[in-house]
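Participant: The structure's right below; bear with me while I get my questions together.
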Amino acid sequence: MSSWPENVGILALEVIFPSQYVDQTELEVYDGVSAGKYTIGLGQSRMGFCSDREDVNSLCLTVVNNLLERHNIPHSKIGYLEVGTETIVDKSKSVKTVLMQLFKPAGVTNLEGIDTTNACYGGTAALFHAWNWVESSSWDGRLALVVCADIAVYAQGSARPTGGAGAIAMLVGPNAPLVLDRGLRSTFMDHAYDFYKPDLSSEYPVVDGKLSIQCYLGALDNCYQLYRKKYTQQNPDANVNLDVFDAVIFHSPYCKLVQKSLARLGLNDFVLTPENERAAAYPGFEQFQNVKLEETYFDRDVEKAFMTHYAPVFNAKTKKSLHLANQVGNMYTPSVYSGLVSLLVNSDLSELAGKRVGVFSYGSGLASSMYSISITSDTQALGAFKTHLNYVLPLLESRQKVAPEDFTKLMEVREKNNHAAPYEPSGSVDVLFPGTFYLQSVDKMHRRVYEKVPPKSTQTNCTS
């Protein structure tokens, strides 16, 4: 290309989530735990889940097909397609190759990209790769498509309420309403066994809950401080703190951790504020004068003080982004982008136009990044972008509630038949949203066949 493409970012967003959910209050009763353990302690209200009729392939088929149809985008306009997921169906064959069933009938086979995996970070890595492709000499003028999808399930017990499922597709290209800020990207990587899936025969992870929280918050500290440095390099005279963001979204294992994380950014600002300026900026915080970040991961006094101090900031900059996380649960790779969708659908144009959104993405093991998105000031373009998301809240409210007893039985079916072959799924197709791709069968060679719930009258058959 003769020139560097301008304003590369997100041109369109599409989200899907399961058509069934379990109520967290009812799950508290069923599990015999104290009232509020899931709803207040974790900050979760409902948890979406998939029966054995849906897998990561079907989620991706659905969300990609929906995005292309909703925005009337010809398959030939896509030149890069990458999937971020940790939900492994096959140890060799990528989800991206399954998605080629949507493109090959249109004669599209020249399509770069493949799967990217590292816990909940794969979607962000895929987004960065797509962004880099558009901004590189490899770009051929077509658009990039990023898909994040996962099914988060846990064994029965204290971790199960932190599950969820969903998929998000993002169309990436130049002159976008949501521009990824060039040069403002920080990354922190490390080696940790906080959450991992060594048993490939099981959907369930191995989790060290306390270590996972420590890793998450430590990664947040590192990413935020490096972002601040990069922002200062671009804006030498700026006073860099949380005020540089009009909104902040986070990867959300559960909503209460996000509230703590926003306060954690405030704690970083406090620590990085010169000592002679702290008293004026943080009156009443003298007892924390010598606090060290690495000693505060589980310090209740520090946590409470900063959560209280930053409660108005959380309400103003982050709370709106937790709608889907609260109602669906942890989607893993799509989680942080469900926060972006939630922010967009729950905000007026005047609250979004010209604003900067801070984004923190975390994946156990561990990989993390912080970057920012600048929203266009063009209210007409932004309005058109938002209009395409008008389906989200009505679709969320159209889901069917399932009793905890029945939810548990459906989870037992998934557990028993994970990787079974041959296999005929038993979950109901009738409860699925129109247009949903679902698993029709698995043959003795583990080849999966998918069908599609008709939007109105037609039906599609796909085989992988």
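Going through the structure tokens in order, the chains are called A, B, and so on, while each chain numbers its residues from 1 and the ligands are numbered from 1 in the order shown.
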Excluding same-chain residues fewer than 5 positions from Ala125 in chain A, what lies within 9 Å of it counting only C-alpha atoms, as a VMD selection string?

Facilitator: chain A and resid 84 116 to 118 130

Participant: For the residues in that selection, give me C-alpha atoms as a compact mmCIF listing (two decimals), in the first residue's frame.

Facilitator:
# COMPACT_ATOMS: atom_id res chain seq x y z
CA GLY A 84 -8.76 -16.54 20.14
CA THR A 116 -4.29 -18.16 19.21
CA THR A 117 -4.35 -19.72 22.66
CA ASN A 118 -3.42 -18.57 26.15
CA ALA A 130 -5.24 -8.29 13.06

Participant: Which polymer residues have any atom within 9 Å of an atom of His71 in chain A, counting only C-alpha atoms, with same-chain residues fewer than 4 positions away left out, as a count of residues only?

Facilitator: 4

Participant: Select, from A:Phe360, A:Tyr80, A:Phe314, A:Phe433, the residue with the minimum atom-to-atom distance to Lys96 in chain A, counting only C-alpha atoms.

Facilitator: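 Counting only C-alpha atoms, the residue closest to Lys96 in chain A is A:Tyr80.
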
Participant: Tell me which of A:Glu82, A:Pro74, A:Gly363, A:Pro205 sits closest to Gly107 in chain A, counting only C-alpha atoms.

Facilitator: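 Checking each candidate against Gly107 in chain A, we get A:Pro74 as the closest.
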
Participant: Write out as a ChimeraX atom specification all residues of range 240-392 of chain A that backbone DSSP assigns to strand (DSSP E).

Facilitator: /A:247-250,356-363,367-375

Participant: Those residues with all heavy atoms, as a compact mmCIF listing (two decimals), in the first residue's frame please?

Facilitator:
# COMPACT_ATOMS: atom_id res chain seq x y z
N ALA A 247 -13.40 5.92 30.43
CA ALA A 247 -13.98 4.66 30.87
C ALA A 247 -12.86 3.63 30.92
O ALA A 247 -11.86 3.76 30.21
CB ALA A 247 -15.08 4.19 29.92
N VAL A 248 -13.00 2.63 31.79
CA VAL A 248 -12.01 1.57 31.90
C VAL A 248 -12.73 0.23 31.94
O VAL A 248 -13.66 0.05 32.74
CB VAL A 248 -11.13 1.72 33.15
CG1 VAL A 248 -9.92 0.79 33.06
CG2 VAL A 248 -10.69 3.15 33.37
N ILE A 249 -12.32 -0.69 31.07
CA ILE A 249 -12.91 -2.02 31.07
C ILE A 249 -11.82 -3.06 31.36
O ILE A 249 -10.66 -2.85 31.06
CB ILE A 249 -13.63 -2.34 29.74
CG1 ILE A 249 -12.65 -2.32 28.56
CG2 ILE A 249 -14.76 -1.34 29.50
CD1 ILE A 249 -13.30 -2.70 27.23
N PHE A 250 -12.25 -4.16 31.96
CA PHE A 250 -11.31 -5.18 32.42
C PHE A 250 -11.79 -6.57 32.03
O PHE A 250 -13.01 -6.81 31.91
CB PHE A 250 -11.20 -5.16 33.96
CG PHE A 250 -10.76 -3.88 34.57
CD1 PHE A 250 -11.66 -2.82 34.75
CD2 PHE A 250 -9.45 -3.71 35.01
CE1 PHE A 250 -11.26 -1.64 35.35
CE2 PHE A 250 -9.04 -2.52 35.59
CZ PHE A 250 -9.94 -1.49 35.77
N ARG A 356 -11.98 8.28 25.54
CA ARG A 356 -10.94 7.26 25.52
C ARG A 356 -11.29 6.17 26.53
O ARG A 356 -11.59 6.45 27.69
CB ARG A 356 -9.57 7.85 25.85
CG ARG A 356 -8.48 6.78 25.97
CD ARG A 356 -7.10 7.33 26.31
NE ARG A 356 -6.46 7.91 25.14
CZ ARG A 356 -6.16 9.18 25.00
NH1 ARG A 356 -6.46 10.02 25.97
NH2 ARG A 356 -5.57 9.63 23.91
N VAL A 357 -11.20 4.92 26.07
CA VAL A 357 -11.52 3.77 26.91
C VAL A 357 -10.23 2.99 27.19
O VAL A 357 -9.55 2.55 26.25
CB VAL A 357 -12.54 2.84 26.23
CG1 VAL A 357 -12.88 1.64 27.14
CG2 VAL A 357 -13.81 3.61 25.88
N GLY A 358 -9.90 2.81 28.45
CA GLY A 358 -8.77 1.97 28.82
C GLY A 358 -9.21 0.51 28.85
O GLY A 358 -10.32 0.20 29.28
N VAL A 359 -8.35 -0.38 28.38
CA VAL A 359 -8.69 -1.81 28.28
C VAL A 359 -7.59 -2.63 28.94
O VAL A 359 -6.41 -2.49 28.59
CB VAL A 359 -8.82 -2.25 26.80
CG1 VAL A 359 -9.24 -3.72 26.72
CG2 VAL A 359 -9.83 -1.37 26.06
N PHE A 360 -7.98 -3.48 29.90
CA PHE A 360 -7.01 -4.41 30.50
C PHE A 360 -7.45 -5.84 30.23
O PHE A 360 -8.56 -6.25 30.59
CB PHE A 360 -6.90 -4.21 32.02
CG PHE A 360 -6.01 -5.24 32.68
CD1 PHE A 360 -4.64 -5.25 32.41
CD2 PHE A 360 -6.53 -6.20 33.53
CE1 PHE A 360 -3.81 -6.21 33.01
CE2 PHE A 360 -5.72 -7.16 34.12
CZ PHE A 360 -4.35 -7.16 33.87
N SER A 361 -6.58 -6.59 29.58
CA SER A 361 -6.86 -7.98 29.23
C SER A 361 -5.87 -8.89 29.95
O SER A 361 -4.67 -8.62 29.97
CB SER A 361 -6.74 -8.18 27.72
OG SER A 361 -6.98 -9.52 27.36
N TYR A 362 -6.41 -9.97 30.56
CA TYR A 362 -5.56 -10.90 31.32
C TYR A 362 -5.90 -12.33 30.97
O TYR A 362 -7.08 -12.70 30.84
CB TYR A 362 -5.77 -10.69 32.82
CG TYR A 362 -5.00 -11.69 33.66
CD1 TYR A 362 -3.66 -11.47 33.98
CD2 TYR A 362 -5.59 -12.87 34.12
CE1 TYR A 362 -2.93 -12.39 34.74
CE2 TYR A 362 -4.87 -13.80 34.87
CZ TYR A 362 -3.55 -13.55 35.18
OH TYR A 362 -2.82 -14.46 35.91
N GLY A 363 -4.85 -13.13 30.82
CA GLY A 363 -5.02 -14.56 30.64
C GLY A 363 -4.04 -15.30 31.53
O GLY A 363 -2.84 -14.99 31.54
N ALA A 367 -0.46 -14.01 30.63
CA ALA A 367 -0.28 -13.01 29.59
C ALA A 367 -1.25 -11.86 29.83
O ALA A 367 -2.41 -12.10 30.17
CB ALA A 367 -0.52 -13.62 28.21
N SER A 368 -0.79 -10.64 29.66
CA SER A 368 -1.68 -9.50 29.92
C SER A 368 -1.24 -8.29 29.12
O SER A 368 -0.07 -8.16 28.76
CB SER A 368 -1.67 -9.16 31.42
OG SER A 368 -0.37 -8.81 31.86
N SER A 369 -2.20 -7.42 28.85
CA SER A 369 -1.91 -6.17 28.14
C SER A 369 -2.89 -5.10 28.56
O SER A 369 -4.03 -5.38 28.94
CB SER A 369 -2.00 -6.35 26.61
OG SER A 369 -0.93 -7.11 26.11
N MET A 370 -2.44 -3.87 28.46
CA MET A 370 -3.31 -2.71 28.60
C MET A 370 -3.12 -1.83 27.38
O MET A 370 -1.98 -1.60 26.93
CB MET A 370 -3.02 -1.93 29.88
CG MET A 370 -3.87 -0.65 30.02
SD MET A 370 -3.75 0.14 31.65
CE MET A 370 -4.92 -0.85 32.57
N TYR A 371 -4.22 -1.36 26.83
CA TYR A 371 -4.17 -0.44 25.70
C TYR A 371 -5.39 0.46 25.78
O TYR A 371 -6.17 0.38 26.75
CB TYR A 371 -4.13 -1.21 24.37
CG TYR A 371 -5.34 -2.06 24.07
CD1 TYR A 371 -6.35 -1.60 23.21
CD2 TYR A 371 -5.49 -3.33 24.62
CE1 TYR A 371 -7.45 -2.38 22.92
CE2 TYR A 371 -6.59 -4.11 24.35
CZ TYR A 371 -7.58 -3.63 23.49
OH TYR A 371 -8.68 -4.40 23.21
N SER A 372 -5.56 1.33 24.83
CA SER A 372 -6.71 2.23 24.88
C SER A 372 -7.36 2.37 23.51
O SER A 372 -6.71 2.19 22.47
CB SER A 372 -6.33 3.61 25.44
OG SER A 372 -5.24 4.17 24.74
N ILE A 373 -8.63 2.69 23.56
CA ILE A 373 -9.45 2.87 22.37
C ILE A 373 -10.01 4.29 22.38
O ILE A 373 -10.60 4.72 23.38
CB ILE A 373 -10.62 1.87 22.34
CG1 ILE A 373 -10.09 0.43 22.23
CG2 ILE A 373 -11.59 2.18 21.21
CD1 ILE A 373 -11.17 -0.63 22.40
N SER A 374 -9.82 5.02 21.29
CA SER A 374 -10.40 6.34 21.16
C SER A 374 -11.66 6.25 20.30
O SER A 374 -11.63 5.77 19.17
CB SER A 374 -9.40 7.31 20.50
OG SER A 374 -8.34 7.59 21.39
N ILE A 375 -12.77 6.68 20.88
CA ILE A 375 -14.06 6.63 20.19
C ILE A 375 -14.22 7.89 19.34
O ILE A 375 -13.91 9.00 19.78
CB ILE A 375 -15.21 6.51 21.20
CG1 ILE A 375 -15.03 5.26 22.06
CG2 ILE A 375 -16.56 6.47 20.49
CD1 ILE A 375 -16.07 5.10 23.15

Participant: If you run DSSP over the backbone, which residues in range 37-282 of chain A end up helix (DSSP H, G or I)? Put them as a PyMOL selection string.

Facilitator: chain A and resi 56-70+75-77+95-106+122-134+160-162+209-234+242-244+255-272+275-281

Participant: Go through A:Lys197, A:His309, A:Lys386, A:Lys292 one by one, measure the shortest atom-to-atom distance of each to Gly266 in chain A using only C-alpha atoms, and give the residue with the smallest value.

Facilitator: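 Under the stated criterion, the closest residue is A:His309.
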
Participant: Which residue is closest to Asn390 in chain A? Choose from A:Val108, A:Ala192, A:Val442, A:Val15 and count only C-alpha atoms.

Facilitator: A:Val15

Participant: Give me, as a count of residues only, all polymer residues having an atom no more than 7 Å from range 210-215 of chain A, counting only C-alpha atoms and skipping those fewer than 6 positions away in the same chain.

Facilitator: 3

Participant: Which range 55-155 of chain A residues have any atom within 12 Å of an atom of range 17-37 of chain A, and for each, what is the nearest pair of atoms with distance in Å to one decimal, counting only C-alpha atoms, rows sorted by chain and number, as a tab-separated table?

Facilitator:
residue	atom	partner	partner_atom	distance
A:Asp55	CA	A:Pro18	CA	10.8
A:Val56	CA	A:Phe17	CA	11.5
A:Ser58	CA	A:Pro18	CA	11.3
A:Leu59	CA	A:Phe17	CA	8.3
A:Cys60	CA	A:Phe17	CA	10.9
A:Thr62	CA	A:Phe17	CA	10.1
A:Val63	CA	A:Phe17	CA	9.3
A:Cys148	CA	A:Phe17	CA	11.8
A:Ala149	CA	A:Phe17	CA	9.7
A:Asp150	CA	A:Phe17	CA	10.0
A:Ile151	CA	A:Pro18	CA	9.6
A:Ala152	CA	A:Pro18	CA	11.6

Participant: Report as a tab-separated table the residues of range 295-346 of chain A within 10 Å of range 395-417 of chain A, each with its shortest atom pair and distance in Å (one decimal), using only C-alpha atoms, ordered by chain and increasing residue number.

Facilitator:
residue	atom	partner	partner_atom	distance
A:Leu324	CA	A:Leu396	CA	8.5
A:Gln327	CA	A:Leu396	CA	8.1
A:Val328	CA	A:Leu396	CA	8.7

Participant: Between A:Gly173, A:Pro161, A:Pro105, A:Gly123, single out the one closest to Lys77 in chain A, counting only C-alpha atoms.

Facilitator: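 The shortest atom-to-atom distance to Lys77 in chain A comes from A:Gly173.
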
Participant: So which residues touch Asp301 in chain A within 12 Å, counting only C-alpha atoms, skipping near sequence neighbours fewer than 5 positions away, as a PDB file with C-alpha atoms, in the first residue's frame?

Facilitator:
ATOM      1  CA  PHE A 285      -4.577   8.295  53.588  1.00  0.00           C
ATOM      2  CA  GLN A 287      -1.500   5.508  57.143  1.00  0.00           C
ATOM      3  CA  PHE A 288      -0.726   4.153  53.662  1.00  0.00           C
ATOM      4  CA  VAL A 291       2.596   1.009  51.298  1.00  0.00           C
ATOM      5  CA  GLU A 295       2.430  -6.458  49.806  1.00  0.00           C
ATOM      6  CA  THR A 296      -1.169  -5.361  49.248  1.00  0.00           C
ATOM      7  CA  PHE A 306      -9.297   2.528  48.016  1.00  0.00           C
ATOM      8  CA  MET A 307     -12.537   0.818  46.936  1.00  0.00           C
ATOM      9  CA  THR A 308     -14.440   3.329  49.053  1.00  0.00           C
TER      10      THR A 308
END

Participant: Do a neighbour search on Ala281 in chain A at 12 Å with only C-alpha atoms, toss out local chain neighbours closer than 3 positions, and write the hits as an mmCIF file with N, CA and C atoms, in the first residue's frame.

Facilitator:
data_model
loop_
_atom_site.group_PDB
_atom_site.id
_atom_site.type_symbol
_atom_site.label_atom_id
_atom_site.label_comp_id
_atom_site.auth_asym_id
_atom_site.auth_seq_id
_atom_site.Cartn_x
_atom_site.Cartn_y
_atom_site.Cartn_z
ATOM 1 N N ASN A 241 -2.781 9.847 35.117
ATOM 2 C CA ASN A 241 -3.438 9.037 36.139
ATOM 3 C C ASN A 241 -4.745 8.511 35.546
ATOM 4 N N GLY A 266 -6.260 3.085 41.129
ATOM 5 C CA GLY A 266 -6.153 4.244 42.010
ATOM 6 C C GLY A 266 -5.026 4.101 43.014
ATOM 7 N N ASP A 269 -1.908 4.963 41.276
ATOM 8 C CA ASP A 269 -1.773 6.413 41.172
ATOM 9 C C ASP A 269 -1.265 7.001 42.489
ATOM 10 N N PHE A 270 -1.787 6.481 43.604
ATOM 11 C CA PHE A 270 -1.363 6.948 44.927
ATOM 12 C C PHE A 270 0.120 6.689 45.140
ATOM 13 N N VAL A 271 0.566 5.472 44.858
ATOM 14 C CA VAL A 271 1.965 5.098 45.061
ATOM 15 C C VAL A 271 2.890 5.921 44.166
ATOM 16 N N LEU A 272 2.429 6.229 42.953
ATOM 17 C CA LEU A 272 3.263 6.957 41.998
ATOM 18 C C LEU A 272 3.177 8.473 42.158
ATOM 19 N N THR A 273 2.315 8.938 43.033
ATOM 20 C CA THR A 273 2.227 10.368 43.314
ATOM 21 C C THR A 273 3.370 10.772 44.239
ATOM 22 N N PRO A 274 4.111 11.832 43.914
ATOM 23 C CA PRO A 274 5.203 12.280 44.797
ATOM 24 C C PRO A 274 4.702 12.460 46.229
ATOM 25 N N GLU A 275 5.515 12.054 47.192
ATOM 26 C CA GLU A 275 5.085 12.062 48.596
ATOM 27 C C GLU A 275 4.617 13.434 49.056
ATOM 28 N N ASN A 276 5.244 14.496 48.566
ATOM 29 C CA ASN A 276 4.864 15.838 49.006
ATOM 30 C C ASN A 276 3.539 16.303 48.415
ATOM 31 N N GLU A 277 2.981 15.517 47.473
ATOM 32 C CA GLU A 277 1.702 15.888 46.878
ATOM 33 C C GLU A 277 0.560 14.968 47.332
ATOM 34 N N ARG A 278 0.899 13.886 48.036
ATOM 35 C CA ARG A 278 -0.124 12.894 48.392
ATOM 36 C C ARG A 278 -1.169 13.427 49.366
ATOM 37 N N GLY A 284 -6.446 11.965 54.368
ATOM 38 C CA GLY A 284 -6.868 10.862 55.227
ATOM 39 C C GLY A 284 -6.194 9.541 54.922
ATOM 40 N N PHE A 285 -5.251 9.536 53.975
ATOM 41 C CA PHE A 285 -4.577 8.295 53.588
ATOM 42 C C PHE A 285 -3.137 8.228 54.125
ATOM 43 N N GLU A 286 -2.864 9.004 55.189
ATOM 44 C CA GLU A 286 -1.510 9.054 55.722
ATOM 45 C C GLU A 286 -1.006 7.682 56.174
ATOM 46 N N HIS A 309 -12.839 4.999 48.359
ATOM 47 C CA HIS A 309 -12.429 6.275 47.774
ATOM 48 C C HIS A 309 -12.760 6.344 46.286
#

Participant: Using only C-alpha atoms, which residues sit within 12 Å of Asn7 in chain A once same-chain residues fewer than 4 positions away are excluded, as a compact mmCIF listing (two decimals) with N, CA, C and O atoms, in the first residue's frame?

Facilitator:
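Output file selection-v9.txt follows:
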# COMPACT_ATOMS: atom_id res chain seq x y z
N LEU A 11 -14.44 -1.75 13.42
CA LEU A 11 -15.48 -1.23 12.53
C LEU A 11 -16.86 -1.76 12.90
O LEU A 11 -17.88 -1.13 12.60
N TRP A 131 -4.79 -6.11 13.95
CA TRP A 131 -4.41 -4.69 13.93
C TRP A 131 -3.06 -4.52 13.23
O TRP A 131 -2.89 -3.68 12.34
N VAL A 134 -3.28 -5.08 9.40
CA VAL A 134 -3.82 -3.93 8.66
C VAL A 134 -2.78 -2.81 8.56
O VAL A 134 -2.70 -2.12 7.55
N GLU A 135 -1.96 -2.65 9.60
CA GLU A 135 -0.97 -1.57 9.60
C GLU A 135 0.36 -1.98 8.97
O GLU A 135 1.34 -1.25 9.07
N VAL A 172 -12.06 -5.47 11.88
CA VAL A 172 -10.95 -4.53 12.08
C VAL A 172 -10.50 -3.95 10.73
O VAL A 172 -10.33 -4.69 9.75
N GLY A 173 -10.32 -2.64 10.71
CA GLY A 173 -9.88 -1.99 9.49
C GLY A 173 -9.65 -0.51 9.71
O GLY A 173 -9.74 -0.01 10.84
N PRO A 174 -9.32 0.24 8.65
CA PRO A 174 -9.04 1.67 8.77
C PRO A 174 -10.31 2.50 8.90
O PRO A 174 -11.42 2.02 8.63
N ASN A 175 -10.13 3.75 9.33
CA ASN A 175 -11.23 4.71 9.45
C ASN A 175 -12.36 4.16 10.32
O ASN A 175 -13.54 4.23 9.97
N ALA A 176 -11.97 3.63 11.46
CA ALA A 176 -12.91 2.96 12.36
C ALA A 176 -13.52 3.93 13.36
O ALA A 176 -12.87 4.90 13.78
N PRO A 177 -14.75 3.67 13.81
CA PRO A 177 -15.35 4.49 14.87
C PRO A 177 -14.65 4.28 16.22
O PRO A 177 -14.64 5.16 17.06
N LEU A 178 -14.06 3.09 16.42
CA LEU A 178 -13.33 2.77 17.64
C LEU A 178 -11.87 2.54 17.25
O LEU A 178 -11.53 1.48 16.71
N VAL A 179 -11.03 3.52 17.48
CA VAL A 179 -9.64 3.47 17.03
C VAL A 179 -8.73 2.98 18.15
O VAL A 179 -8.78 3.48 19.28
N LEU A 180 -7.90 1.98 17.85
CA LEU A 180 -6.91 1.52 18.80
C LEU A 180 -5.74 2.49 18.79
O LEU A 180 -5.12 2.72 17.75
N ASP A 181 -5.46 3.07 19.94
CA ASP A 181 -4.45 4.13 20.03
C ASP A 181 -3.06 3.61 19.71
O ASP A 181 -2.55 2.71 20.39
N ARG A 182 -2.46 4.18 18.68
CA ARG A 182 -1.13 3.75 18.25
C ARG A 182 -0.07 4.15 19.27
O ARG A 182 -0.05 5.28 19.75
N ILE A 373 -8.63 2.69 23.56
CA ILE A 373 -9.45 2.87 22.37
C ILE A 373 -10.01 4.29 22.38
O ILE A 373 -10.60 4.72 23.38
N SER A 374 -9.82 5.02 21.29
CA SER A 374 -10.40 6.34 21.16
C SER A 374 -11.66 6.25 20.30
O SER A 374 -11.63 5.77 19.17
N ILE A 375 -12.77 6.68 20.88
CA ILE A 375 -14.06 6.63 20.19
C ILE A 375 -14.22 7.89 19.34
O ILE A 375 -13.91 9.00 19.78
N THR A 376 -14.70 7.72 18.14
CA THR A 376 -14.86 8.83 17.22
C THR A 376 -15.77 9.93 17.78
O THR A 376 -16.68 9.67 18.57

Participant: What's the 10 Å shell around Ala421 in chain A, counting only C-alpha atoms, without same-chain residues fewer than 2 positions away, as a PyMOL selection string?

Facilitator: chain A and resi 417-419+423-424+441-448

Participant: Write a file of the selected residues as a compact mmCIF listing (two decimals), in the first residue's frame, keeping C-alpha atoms.

Facilitator:
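After the write, result_35.txt holds the following:
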# COMPACT_ATOMS: atom_id res chain seq x y z
CA ASN A 417 -19.59 -37.03 26.96
CA ASN A 418 -16.69 -34.63 26.56
CA HIS A 419 -14.74 -35.86 23.50
CA TYR A 423 -21.92 -39.17 19.80
CA GLU A 424 -25.45 -37.86 19.28
CA SER A 441 -23.47 -35.27 15.60
CA VAL A 442 -19.94 -36.58 16.07
CA ASP A 443 -18.97 -39.65 14.06
CA LYS A 444 -16.63 -42.45 15.17
CA MET A 445 -13.66 -40.56 13.71
CA HIS A 446 -14.51 -37.47 15.82
CA ARG A 447 -15.71 -35.51 12.77
CA ARG A 448 -18.32 -32.98 13.82

Participant: When distances are computed from only C-alpha atoms, which of A:Met100, A:Val83, A:Leu143, A:Leu262 shows the smallest separation from Pro5 in chain A?

Facilitator: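 The answer is A:Leu143, which sits nearest to Pro5 in chain A.
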